[in-house]
Structures are given as structure tokens and as C-alpha cells.
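A.B. asks: Following this message is one structure expressed as C-alpha cells.
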Amino acid sequence: MEFYQTPLDDLYRQFETQSSGLASEEAARRLEIHGFNELQTRTRIHPLRIFLDQFKSFIIYILLFAVMFSLLIGEYVDSIIILIILLLNAIIGFCQELSAHKSLEALKKISTVRATVLRSGRRKVVAAKELVPGDIIQLEAGDKVPADVRIIAAVQLRVDESPLTGESVPVEKNPQLIVTELPLGDRRNMLFSATTLATGNGRAVVVATGMATELGKITELVKDAEAEQTPLQRRLDQFGKKLSYAIIFICLVVFVLFFAKEFFAGTLSARSFLAMAFIAISLAVAAVPTALPAVVTIALSIGVKRLLRKKALVRSLSSVETLGSCDVICTDKTGTLTENQMTVREAWTTDGEVTLGGSGYIPSGEVSGPVVTELFICGQLCNNASLHQEEGHWQVTGDPTEAALLISAAKVKLVAGLHRTAEIPFDSQRKLMSVLVSDGEQEIIYSKGALDSLLERCGKVLVAGEELPLSADFRKDIEQQNARYAKQALRVLGFAMKKQTAGQGLQEQELTFLGLQAMIDPPRPDVVESIRRTKHAGIRVIMITGDYGETALAIGREIGIEGEGLSGAELAKLSDSALRSALQGGTNIFSRVAPEHKQRIVEALQQLGHTVAMTGDGVNDAPALKKANVGVAVGSGTEVAKEAADFVLLDDSFTHIVNAIEEGRGIYDNIQKSIMLLLSGNLGEVLIILFAALFGMNLPLTAILLLWINMVTDGAPALAYSVDPYGKEIMLRKPKPRGEGILPASKLTLLGVLGLVGTVIALTLFYSFGGVADSPDRLIHAQTMVFNFVVLYEVILTFVIRNSYQVPFFANKWVWGAAALSVTLQAMLMYTPLAPIFKIIPLGLVDLGILFGAGALFAAVCLFYPAMMKRRARLCRC
């Protein structure tokens with residue numbers, strides 16, 4: 001049997017203990033056997049491994065291959081440049097991720113608390129890690145529970161279990177035996193490690209420590225959950241493999257074509273063979289987007305800084321763009337969608353209904369309706385919570401429900417100066433709390449509690465300031481109002497009072513019913529708008545909570561999460577396929593879930609092809625946060641959740657999650673733009689050489705010219721894209737499909753068209769200026785024209801690609817600076833003594849005029865083709 005189902009006498013025998021506790025010697029012996037009461041983790045930080053992980057990319061493997069061949073052919077400068085780029089990329093990623101690789105170390109912080117334990121009949125305060133099974137511990141309000149314990153005795157004991165179960169209201173606990181099988185959140189005679197006592201005190205026997213606790217089981221789930229590869233990593237790997245195959249094939253074709261030309265012309269020699277190999281390898285180096293790893297890393301790093309300004313701290317660099325790719329957000333309710341602060345929404349008396357504005361623990365808000373002051377005085381005085389300010393923020397001590405009553409009294413501007421002389425505390429049998437207040441020569445009894453228990457003790461009702469008999473009609477009206485609030489998932493308390501002469505004592509009889517106060521843990525003010533934005537962005541929001549189903553459904557309706565609900569008990573009975581069917585059928589609200597349920601839901605969504613973001617703040621969220629494609633922990637959450645997550649929100653607003661998604665999409669767009677720019681330029685160079693070989697022309701671009709073009713036109717503009725503003729409709733489009741490549745078909749088609757157009761213009765220039773002639777001077781002239789056109793062509797592409805993403809033309813000064821730098825460096829090369837080294841010649845005004853005319857023609861085609869495609873798409877939709 002489970003510990004909560006075992007009689008206390010049997011537990012004492014099982015753990016060989018007694019009510020006076022263990023002997024100190026026995027506790028020491030058990031500590032040797034069971035070990036410290038702390039969580040074990042296998043995770044260790046390995047800086048070298050983090051650094052080497054930065055090189056795990058197929059693109060980087062290609063570049064290392066290119067470095068090796070560059071060294072073989074004597075291109076030492078190019079090899080050094082590529083190696084420097086790779087090292088800088090690795091260092092940036094390493095520095096960003098080193099501080100974030102502490103996955104489970106923070107779990108140990110939970111064990112630094114101290115505990116009051118009975119040893120040999122005497123109280124001792126020991127470090128919580130020294131507790132052993134069989135220890136008897138004493139707990140007071142405010143204490144953190146140091147281990148899993150079975151309650152022996154309890155006085156007004158209520159426990160905040162939200163870090164473990166997600167339930168927002170403290171749970172009443174008692175030592176009564178439970179015979180039926182119940183989920184974790186309903187085991188009322190157990191206290192669990194990492195939860196906190198809200199009120200009361202108790203004594204308990206330790207039944208599990210360290211990794212045997214419920215928290216320890218969650219730790220195992222966190223360790224066992226395998227991190228998913230991010231969409232960007234997956235797409236870049238796929239892209240790198242496909243690119244490498246294409247490059248190898250094209251280089252072989254070029255080599256074979258030039259080899260055949262030399263062979264059939266009878267001019268083949270060892271020198272010409274090496275020259276052809278040199279060209280093929282240079283083409284391979286040119287075709288690889290050398291700047292891509294650095295561009296991706298820098299774009300992600302800049303995105304990290306932008307996200308920090310939007311209150312999101314990034315712990316995993318590669319997960320930045322994943323958030324922009326997600327199409328499902330699984331979110332906890334308590335503390336994420338809601339305030340995690342009980343708030344009175346409605347109050348009711350026979351005089352009418354009162355609506356209270358505001359939220360949380362701020363003691364102000366609009367109040368509308370007939371205020372009966374006695375109702376709010378009762379809530380204020382029949383209360384053991386306190387309200388105070390710390391560093392400009394309102395804080396409460398005590399039960400959140402009682403705190404809500406203090407706030408409601410403050411909102412109606414009540415300041416009660418009466419003195420309490422006696423109290424009957426709340427208990428689960430009576431379901432009432434009453435206090436006796438002295439008011440001069442008379443006394444007043446104030447009572448609050450469950451309506452059915454309260455009405456049994458009421459004989460009158462307050463109507464328009466007069467006490468009238470509590471008739472059947474009044475009782476019916478009260479019960480109907482209570483039922484209406486309950487359907488809205490509001491927590492309802494009834495209030496009553498009795499005036500009497502001094503000395504009669506506190507008797508809960510013949511009370512006068514005052515009214516009702518209905519409260520809820522309210523949604524955050526900005527959540528409704530955030531949910532609306534996610535819908536426009538094609539993102540599904542699923543609520544996963546440990547709270548009750550009625551409450552979850554009510555909050556869901558209020559904030560705009562539509563769909564069916566499913567409880568943890570119902571989920572546990574479903575097979576994996578049935579769970580996937582439920583998710584496909586529109587189930588969007590899960591209540592009373594256990595930690596393993598959350599992980600099952602995330603896994604089921606991933607199996608359906610979704611990219612899942614999981615948000616949460618509690619210990620119970622940690623396994624799912626790690627399993628999800630991207631985990632988002634809120635700032636006020638537990639260290640466990642933060643260390644398992646990829647992002648930590650610096651405040652708990654759900655809006656920042658949506659802002660982070662927008663940032664992730666923008667980062668991905670900027671990376672995609674950089675890839676398009678790098679590929680389009682490199683594609684043009686490859687096609688020019690390939691078609692020249694096919695048509696039997698001379699070589700339009702030499703190896704050194706190819707390397708110069710890549711250095712001048714690739715890196716700076718692509719890096720400038722990293723700080724590009726985002727397109728206007730970025731949150732009005734659907735997320736990228738999981739199986740989509742790094743570039744969708746429409747972008748690849750655009751690249752192909754622009755590459756072909758550029759190739760046709762370049763080869764036309766090459767042919768017109770003597771590219772097929774035998775004269776070396778004419779060939780150099782033709783190569784110079786093609787060389788300059790390709791540089792101009794790639795500068796024009798910088799702006800054409802931005803236009804396809806709806807980025808304002810003059811929005812980024814760095815792009816303009818990069819374009820100006822490319823043109824300036826090109827001019828310096830052509831009109832300085834460097835020109836003969838590169839075997840080019842300075843161009844005259846006529847040549848420049850023809851060159852700019854060719855550029856204008858290319859720009860016109862670039863603008864015409866996308867416009868034509870958009871018009872065609874509109875016609876197809878019609």
C-alpha cells in the first residue's frame with residue numbers, strides 16, 4: 001500500500017520509529033544507509049564539450065573540408081580566413097551557452113533548508129539533508145516541507161502545493177487515514193518536499209527522502225527527458241547535406257567538362273590538369289556559404305539581446321529561433337495565465353450585487369453596486385492574514401483566500417478599529433471560522449465559511465439594514481446565487497454576524513446572514529490580447545494545470561482558450577494513440593494532471609508533427625519543459641523550472657511569451673534572408689562557370705576572383721541582416737511547417753530565377769567582350785566585366801531579398817553601409833596597383849555605363865518577377 005493508505009501504527013512498525021522520534025545513534029546509522037536527503041544529478045558542466053558542440057554542423061564540416069583543400073592548393077590566406085570565422089563562431093556560441101549549462105544543479109538548493117526534528121524525545125534543528133526515513137519532524141506556518149512525510153497531528157494545517165501540483169489555493173491537510181486510491185493532489189494526509197505551509201502547524205513522520213520523494217521522481221524525469229533537436233539545427237543539417245552533394249556533383253561536372261575540352265584539343269598536360277583541379281576546388285570553396293555559421297550565431301546572439309530587452313532571458317542559444325517556429329504553446333495556468341493571487345470579483349447581499357475591479361494584492365479598484373459594509377467588515381475581521389508593502393510591492397502573509405478578503409475590504413475603504421477577543425478556528429468538520437469582537441458595551445460575532453454550514457447556524461438575514469427572519473424564499477435566493485457563482489468556477493464564502501451584550505461568549509447560533517463574496521485567481525490583464533495574437537499567428541494554446549476542471553474551463557472561456565477539457569484521471573486511462581486523437585479532436589484544457597501527464601501531452605503533440613513550446617513555473621513543469629522543443633519558465637517560478645527551461649521570463653506576463661515568439665520569427669527571417677543572400681550569390685557564380693564550361697567558353701572567373709567576391713559581397717551584408725527590422729505581417733502568418741526546409745519552395749524558386757537571369761546577363765557580357773576569343777587581353781577584359789557585374793549583382797540582391805520580406809527600404813543603415821563597403825573595396829581593387837595581382841584591368845566610362853545598364857536590367861527583372869508571382873497568387877485565390 002501507499003504511505004497515505006497505511007495506518008500510522010503500521011508506519012511506525014515499518015520504519016521502526018515512535019512518536020518521540022529516532023535515537024540520534026539510529027538516525028546516524030540510517031543516514032549511512034539512505035544517504036543525504038538531497039537530489040542526485042548526473043549533469044555536469046563540461047566546457048570542452050560545450051566548445052566542441054559548436055562544430056557539430058554539416059555546413060562546418062564542409063568548411064573544414066574546404067580549409068584542407070585550400071591548404072593543399074596553397075591558398076593559405078583563404079584557409080586562415082575560413083578558420084578565423086569558424087573559431088569566432090564557436091567562441092560566441094561557447095560564451096553564450098557556458099553559463100546556461102547548469103541543468104539540474106539548482107535542484108540541490110531546495111535541500112539547503114533546515115528542519116525541526118525529534119531525536120530521542122528532544123527537539124533539534126538540523127540541516128534538511130540530514131533527515132532520514134522514520135524521523136519525526138515539527139512544522140510551522142511558513143516552513144518549507146523538507147521531505148515527503150505522513151501527517152501525525154495537524155492544527156489548522158493548510159499547504160501551498162502549487163509548485164508541485166499547480167493548484168492555486170492552499171490545500172487543507174489532516175492526519176486521517178485514506179483507504180481509496182487518489183492522485184497526488186488529493187492525498188490530504190501527506191506533505192511533499194518543496195511545498196510550503198500556508199497556515200497552522202503539524203507533526204509528521206518522514207517516509208521518503210532524496211530521490212525517493214515525489215520531487216526526486218520528477219528529477220529522474222528531467223534527467224531522462226531527451227532534448228529535442230531544434231528546427232534550425234535540423235534544417236541546417238539537412239540543407240548542409242543537400243548542398244554538399246550538389247557542390248560535389250557540380251564541381252565534378254565542371255572538372256570533367258574542362259578536362260574533356262583540354263583532352264580533345266590536345267593541350268592536356270600536368271600543369272593544365274592541376275589548373276583544372278584548382279578551379280574545381282576553388283569553385284567548391286566559393287559555393288560553400290563560408291559566412292553562414294557566423295551569420296547564424298551572430299543573428300541568434302543579437303536576438304538574445306533583443307529578447308532580454310523584452311523580459312526574456314535566453315539559456316540556450318539555438319532555441320531562439322525554435323520559439324518562432326512553434327505552433328503549439330502548452331501553458332500552465334497558475335502563475336502564468338493567472339495572477340496566482342486570489343481576488344474577490346463579486347459580492348452579493350439581499351440589497352444587490354457588487355462588482356469589484358482590480359486584480360492581485362493591490363488594495364485598490366473600482367467598486368460598483370450597493371455596498372453593505374457589514375459584509376466586508378466580517379471578511380476583514382474574521383481573518384488571520386496580513387497585508388504589507390515591501391519595496392513598493394504589496395505582499396501578504398497567510399492564506400491567499402483570507403488575503404483576498406482583506407483586499408476587498410480595502411477596496412471599499414473600510415478600516416475596522418475593533419478588537420478581537422476570541423476565535424474558533426476553521427476546521428474541515430464545521431467548515432467555519434468565527435471571531436468575537438469587542439465593540440464598547442456590546443460584542444459582535446463574525447463568521448465565515450461554506451454556505452451550507454453557515455446557513456444551518458443562521459436564523460435571520462440582513463435586508464436593507466434590518467434583520468429579518470431567514471425565510472424559505474430568502475434561503476432559496478441565497479442558494480441560487482451561490483450556485484450561479486459556482487458555475488463560473490468562483491470560490492464562494494458565506495458571511496454572518498450576531499450582535500450581543502458582553503459576556504455571552506462565542507456561540508455560533510442564531511446568526512444573521514450578511515451575504516456572499518466570490519473570488520478567483522484571475523487571468524492576467526494582458527492575457528486575452530496575447531491569446532488573440534497567437535490565434536492570428538496560427539499558434540494553438542493548450543492549458544495544462546493541476547487545478548480543478550471547472551476552474552480551468554472557466555478561466556479558458558474567459559481568456560479565449562476554446563475546446564474540450566480532459567482530467568488527469570481520464571488522461572491516465574488513454575493509450576498514446578487515444579491521446580493523440582483527443583488532441584486532434586480539439587482538447588485544449590487538461591486539469592488535475594501529474595508531471596508525467598504533462599510530458600505525455602508534449603510527446604503526443606511532437607508525434608503529431610508539432611513544434612511545442614511549454615511554459616510553466618513549478619517543480620511539476622520541469623520534465624515537460626525539458627522535453628518540449630522550447631521550454632519557457634516564468635521568473636517567479638522555482639529554480640527547478642528555470643534550470644530545465646530554454647528561456648526564463650524576467651516577469652510572469654504571458655505577453656512576453658508572445659513577444660518572444662515574434663522575436664523568434666524575426667530572427668528566423670533574418671537568418672533565412674542571410675542564407676538566401678549567400679546562396680544566391682554563390683549560385684550565380686557556380687552557374688556562370690558551369691554554363692561557360694557547357695558552352696565551351698573560356699573561364700569567366702578565376703579562383704582568386706571567386707574568393708574575392710565571396711569575401712567582399714557575402715559576409716558584411718549577410719551580417720547586416722542580423723539587425724534588420726522585421727516584416728509588418730510577421731505575426732499574421734502561420735508557423736513554418738515542421739518538415740519545411742531551411743528555404744521554402746517559393747524562396748528556392750526565386751533564387752533559381754534570379755540566378756539564371758544573372759547568369760544569362762553575365763555570360764552575355766563575357767561573350768560580347770571577347771570571352772571566347774584567343775586573345776589574352778580580350779579575355780582579361782571580359783573577365784573584368786563579369787567580375788564587376790557579379791559584385792554589382794550581389795549588391796542588388798541585398799536589397800531585392802529584403803524587399804521580399806516586406807522590410808522598409810531605408811530601415812537598416814548597416815545594410816546600406818555594407819553595400820557601400822562592397823562597392824568601395826571593389827573600386828579600390830580595380831583602380832589601384834592591386835589590379836594586376838588579380839589579373840584584371842581598370843574599366844573606362846563606357847564599360848562602367850554598360851555595367852550599370854546590365855545592373856539596372858537585372859534589378860528590373862528582380863522587381864518584376866515577385867510582383868508577377870503575387871498577382872498570380874491573388875488570381876489563383878480568386
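Chain labels run A, B, ... following the order of the C-alpha cells; each chain numbers its residues from 1, and ligands are numbered from 1 in the order shown.
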Counting only C-alpha atoms, which residues in range 484-603 of chain A sit no more than 10 Å from range 356-374 of chain A? For each one, give the nearest pair of atoms and the distance in Å, sorted by chain then residue number, as a Markdown table.
C.D. replies:
| residue | atom | partner | partner_atom | distance |
| --- | --- | --- | --- | --- |
| A:Phe495 | CA | A:Glu374 | CA | 9.2 |
| A:Ala496 | CA | A:Glu374 | CA | 8.8 |
| A:Met497 | CA | A:Glu374 | CA | 8.3 |
| A:Leu514 | CA | A:Glu374 | CA | 7.1 |
| A:Gly515 | CA | A:Val372 | CA | 8.8 |
| A:Ile520 | CA | A:Ser359 | CA | 9.9 |
| A:Asp521 | CA | A:Gly360 | CA | 8.2 |
| A:Pro522 | CA | A:Ser359 | CA | 7.0 |
| A:Pro523 | CA | A:Ser359 | CA | 8.7 |
| A:Arg524 | CA | A:Ser359 | CA | 8.2 |
| A:Pro525 | CA | A:Ser359 | CA | 8.3 |
A.B. asks: Restricting the calculation to only C-alpha atoms: of A:Ala385, A:Ala410, A:Leu454, A:Ile542, which residue gets closest to Lys333 in chain A?
C.D. replies: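 The shortest atom-to-atom distance to Lys333 in chain A comes from A:Ile542.
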A.B. asks: Could you go through range 575-666 of chain A and tell me which residues DSSP, when run on the backbone, assigns to strand (DSSP E), listing them as a list in words?
C.D. replies: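 Here is the list: Thr587, Asn588, Ile589, Phe590, Ser591, Val612, Ala613, Met614, Thr615, Gly616, Val630, Gly631, Val632, Ala633, Val634, Phe647, Val648 and Leu649 of chain A.
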A.B. asks: Only N, CA, C and O atoms, please: the residues just picked out, written as a PDB file, in the first residue's frame.
C.D. replies:
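The resulting file, selection_39.pdb, is reproduced below:
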ATOM      1  N   THR A 587      -9.077  18.940 -27.931  1.00  0.00           N
ATOM      2  CA  THR A 587      -8.927  19.049 -26.480  1.00  0.00           C
ATOM      3  C   THR A 587      -7.794  20.023 -26.172  1.00  0.00           C
ATOM      4  O   THR A 587      -6.647  19.783 -26.532  1.00  0.00           O
ATOM      5  N   ASN A 588      -8.137  21.131 -25.505  1.00  0.00           N
ATOM      6  CA  ASN A 588      -7.156  22.188 -25.256  1.00  0.00           C
ATOM      7  C   ASN A 588      -6.990  22.525 -23.785  1.00  0.00           C
ATOM      8  O   ASN A 588      -6.209  23.419 -23.449  1.00  0.00           O
ATOM      9  N   ILE A 589      -7.743  21.836 -22.903  1.00  0.00           N
ATOM     10  CA  ILE A 589      -7.647  22.126 -21.474  1.00  0.00           C
ATOM     11  C   ILE A 589      -7.490  20.806 -20.711  1.00  0.00           C
ATOM     12  O   ILE A 589      -8.337  19.920 -20.811  1.00  0.00           O
ATOM     13  N   PHE A 590      -6.380  20.684 -19.993  1.00  0.00           N
ATOM     14  CA  PHE A 590      -6.105  19.497 -19.187  1.00  0.00           C
ATOM     15  C   PHE A 590      -6.031  19.925 -17.722  1.00  0.00           C
ATOM     16  O   PHE A 590      -5.292  20.856 -17.382  1.00  0.00           O
ATOM     17  N   SER A 591      -6.792  19.238 -16.850  1.00  0.00           N
ATOM     18  CA  SER A 591      -6.843  19.607 -15.433  1.00  0.00           C
ATOM     19  C   SER A 591      -6.426  18.429 -14.561  1.00  0.00           C
ATOM     20  O   SER A 591      -6.466  17.271 -14.982  1.00  0.00           O
ATOM     21  N   VAL A 612       6.617  22.297 -30.173  1.00  0.00           N
ATOM     22  CA  VAL A 612       5.908  22.617 -28.933  1.00  0.00           C
ATOM     23  C   VAL A 612       6.747  23.513 -28.026  1.00  0.00           C
ATOM     24  O   VAL A 612       7.914  23.217 -27.746  1.00  0.00           O
ATOM     25  N   ALA A 613       6.130  24.607 -27.575  1.00  0.00           N
ATOM     26  CA  ALA A 613       6.704  25.428 -26.510  1.00  0.00           C
ATOM     27  C   ALA A 613       5.918  25.138 -25.245  1.00  0.00           C
ATOM     28  O   ALA A 613       4.694  25.103 -25.266  1.00  0.00           O
ATOM     29  N   MET A 614       6.623  24.890 -24.150  1.00  0.00           N
ATOM     30  CA  MET A 614       5.978  24.593 -22.869  1.00  0.00           C
ATOM     31  C   MET A 614       6.330  25.680 -21.876  1.00  0.00           C
ATOM     32  O   MET A 614       7.505  25.994 -21.696  1.00  0.00           O
ATOM     33  N   THR A 615       5.328  26.285 -21.271  1.00  0.00           N
ATOM     34  CA  THR A 615       5.589  27.311 -20.266  1.00  0.00           C
ATOM     35  C   THR A 615       5.160  26.802 -18.901  1.00  0.00           C
ATOM     36  O   THR A 615       4.241  25.992 -18.788  1.00  0.00           O
ATOM     37  N   GLY A 616       5.829  27.271 -17.861  1.00  0.00           N
ATOM     38  CA  GLY A 616       5.462  26.860 -16.515  1.00  0.00           C
ATOM     39  C   GLY A 616       6.351  27.490 -15.478  1.00  0.00           C
ATOM     40  O   GLY A 616       7.326  28.171 -15.805  1.00  0.00           O
ATOM     41  N   VAL A 630      10.947  23.839 -26.945  1.00  0.00           N
ATOM     42  CA  VAL A 630      11.477  25.006 -26.249  1.00  0.00           C
ATOM     43  C   VAL A 630      10.704  25.169 -24.946  1.00  0.00           C
ATOM     44  O   VAL A 630       9.482  25.169 -24.928  1.00  0.00           O
ATOM     45  N   GLY A 631      11.451  25.224 -23.826  1.00  0.00           N
ATOM     46  CA  GLY A 631      10.839  25.387 -22.511  1.00  0.00           C
ATOM     47  C   GLY A 631      10.961  26.817 -22.039  1.00  0.00           C
ATOM     48  O   GLY A 631      12.021  27.433 -22.156  1.00  0.00           O
ATOM     49  N   VAL A 632       9.857  27.367 -21.518  1.00  0.00           N
ATOM     50  CA  VAL A 632       9.831  28.756 -21.063  1.00  0.00           C
ATOM     51  C   VAL A 632       9.393  28.777 -19.602  1.00  0.00           C
ATOM     52  O   VAL A 632       8.245  28.441 -19.286  1.00  0.00           O
ATOM     53  N   ALA A 633      10.293  29.152 -18.697  1.00  0.00           N
ATOM     54  CA  ALA A 633       9.958  29.249 -17.273  1.00  0.00           C
ATOM     55  C   ALA A 633       9.718  30.704 -16.909  1.00  0.00           C
ATOM     56  O   ALA A 633      10.370  31.599 -17.450  1.00  0.00           O
ATOM     57  N   VAL A 634       8.766  30.921 -16.010  1.00  0.00           N
ATOM     58  CA  VAL A 634       8.483  32.300 -15.592  1.00  0.00           C
ATOM     59  C   VAL A 634       9.406  32.677 -14.440  1.00  0.00           C
ATOM     60  O   VAL A 634       9.855  31.833 -13.669  1.00  0.00           O
ATOM     61  N   PHE A 647      14.259  29.272 -21.941  1.00  0.00           N
ATOM     62  CA  PHE A 647      14.036  30.693 -21.715  1.00  0.00           C
ATOM     63  C   PHE A 647      13.530  30.889 -20.286  1.00  0.00           C
ATOM     64  O   PHE A 647      12.813  30.044 -19.760  1.00  0.00           O
ATOM     65  N   VAL A 648      13.882  32.019 -19.696  1.00  0.00           N
ATOM     66  CA  VAL A 648      13.297  32.407 -18.416  1.00  0.00           C
ATOM     67  C   VAL A 648      12.727  33.810 -18.586  1.00  0.00           C
ATOM     68  O   VAL A 648      13.457  34.743 -18.948  1.00  0.00           O
ATOM     69  N   LEU A 649      11.415  33.956 -18.363  1.00  0.00           N
ATOM     70  CA  LEU A 649      10.796  35.278 -18.426  1.00  0.00           C
ATOM     71  C   LEU A 649      11.129  36.036 -17.154  1.00  0.00           C
ATOM     72  O   LEU A 649      10.951  35.513 -16.053  1.00  0.00           O
TER      73      LEU A 649
END
A.B. asks: Looking at only C-alpha atoms, which of A:Gln826, A:Thr196, A:Thr331, A:Gln380 is the one that sits closest to Lys448 in chain A?
C.D. replies: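 Result for the nearest residue to Lys448 in chain A: A:Gln380.
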A.B. asks: A:Leu719, A:Ala578, A:Ile561, A:Ala594: which is nearest Gly546 in chain A, counting only C-alpha atoms?
C.D. replies: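 So, comparing all the options, the nearest one is A:Ala594.
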A.B. asks: Give me the residues within 12 Å of Lys747 in chain A as a PyMOL selection string, counting only C-alpha atoms and dropping any in the same chain fewer than 5 places off.
C.D. replies: chain A and resi 669+672-673+675-677+679-680+740-742+752-754+801+804-805+866+869
A.B. asks: Residues within 12 Å of Arg557 in chain A, please, as an NGL selection string. Count only C-alpha atoms; anything in the same chain fewer than 5 positions from it doesn't count.
C.D. replies: :A and (488-489 or 523 or 528 or 531 or 543 or 550-552 or 562-565 or 588-589)
A.B. asks: Let's have the selection written as a CSV table (one decimal), in the first residue's frame, with N, CA and C atoms.
C.D. replies:
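What ended up in part34.csv:
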chain,number,residue,atom,x,y,z
A,488,GLN,N,-19.5,29.5,-12.4
A,488,GLN,CA,-18.4,30.4,-13.0
A,488,GLN,C,-17.0,30.0,-12.5
A,489,ALA,N,-17.0,28.9,-11.7
A,489,ALA,CA,-15.7,28.4,-11.1
A,489,ALA,C,-15.2,29.4,-10.1
A,523,PRO,N,-7.3,35.9,-14.4
A,523,PRO,CA,-6.3,36.0,-15.5
A,523,PRO,C,-5.5,37.2,-15.5
A,528,VAL,N,-5.7,38.0,-22.5
A,528,VAL,CA,-6.7,37.9,-23.5
A,528,VAL,C,-6.2,38.4,-24.9
A,531,ILE,N,-3.6,35.9,-26.2
A,531,ILE,CA,-4.2,34.7,-26.8
A,531,ILE,C,-4.8,35.0,-28.2
A,543,MET,N,-3.9,24.7,-22.3
A,543,MET,CA,-3.8,24.9,-20.9
A,543,MET,C,-3.6,23.5,-20.2
A,550,GLU,N,-13.4,22.5,-13.5
A,550,GLU,CA,-14.4,23.6,-13.6
A,550,GLU,C,-13.6,24.9,-13.6
A,551,THR,N,-12.6,25.1,-12.8
A,551,THR,CA,-11.9,26.3,-12.7
A,551,THR,C,-11.1,26.5,-14.0
A,552,ALA,N,-10.4,25.5,-14.5
A,552,ALA,CA,-9.6,25.6,-15.7
A,552,ALA,C,-10.5,25.9,-16.9
A,562,GLU,N,-10.3,27.9,-26.4
A,562,GLU,CA,-11.6,27.1,-26.7
A,562,GLU,C,-11.2,25.6,-26.8
A,563,GLY,N,-12.2,24.8,-26.6
A,563,GLY,CA,-12.0,23.4,-26.8
A,563,GLY,C,-12.5,22.6,-25.7
A,564,GLU,N,-12.3,21.2,-25.8
A,564,GLU,CA,-12.8,20.3,-24.7
A,564,GLU,C,-11.8,20.3,-23.6
A,565,GLY,N,-12.3,19.7,-22.4
A,565,GLY,CA,-11.4,19.5,-21.3
A,565,GLY,C,-11.2,18.1,-21.0
A,588,ASN,N,-8.1,21.1,-25.5
A,588,ASN,CA,-7.2,22.2,-25.3
A,588,ASN,C,-7.0,22.5,-23.8
A,589,ILE,N,-7.7,21.8,-22.9
A,589,ILE,CA,-7.6,22.1,-21.5
A,589,ILE,C,-7.5,20.8,-20.7
A.B. asks: Just asking: which residues within range 274-515 of chain A are alpha helix (DSSP H) according to DSSP, as a ChimeraX atom specification?
C.D. replies: /A:274-287,292-309,320-325,373-381,400-411,451-455,472-487
A.B. asks: Given the choices A:Val723, A:Ala782, A:Leu825, A:Leu493, which gets closest to Ala299 in chain A if the distance is worked out from only C-alpha atoms?
C.D. replies: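 Among A:Val723, A:Ala782, A:Leu825, A:Leu493, it is A:Val723 that comes nearest to Ala299 in chain A.
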A.B. asks: If you count only C-alpha atoms, which residues fall within 8 Å of range 789-792 of chain A, apart from same-chain ones fewer than 4 positions away, as a PyMOL selection string?
C.D. replies: chain A and resi 681+684-685+709+713+758+762+785+796+822-823+826+851+854-855
A.B. asks: Can you tell me which residues surround Glu662 in chain A at a distance of at most 7 Å, considering only C-alpha atoms, apart from same-chain residues fewer than 3 positions away, and format the answer as a VMD selection string?
C.D. replies: chain A and resid 324 658 to 659 665 to 666 731
A.B. asks: Given the selection you just returned, output its residues as a file containing C-alpha atoms, formatted as a PDB file, in the first residue's frame.
C.D. replies:
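The resulting file, out09.pdb, is shown below:
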ATOM      1  CA  GLY A 324       9.435  31.444 -33.599  1.00  0.00           C
ATOM      2  CA  VAL A 658       4.076  36.089 -27.402  1.00  0.00           C
ATOM      3  CA  ASN A 659       6.633  38.873 -27.842  1.00  0.00           C
ATOM      4  CA  ARG A 665      10.124  34.537 -36.067  1.00  0.00           C
ATOM      5  CA  GLY A 666      12.021  37.706 -36.863  1.00  0.00           C
ATOM      6  CA  MET A 731       2.523  37.696 -36.606  1.00  0.00           C
TER       7      MET A 731
END
A.B. asks: Considering only C-alpha atoms, return as a list of chain:residue names whatever protein or nucleic-acid residues lie within 9 Å of range 465-472 of chain A, sequence-local ones (same chain, fewer than 4 positions apart) excluded.
C.D. replies: A:Val372, A:Cys458, A:Gly459, A:Lys460, A:Val461, A:Lys476, A:Asp477, A:Thr512, A:Phe513
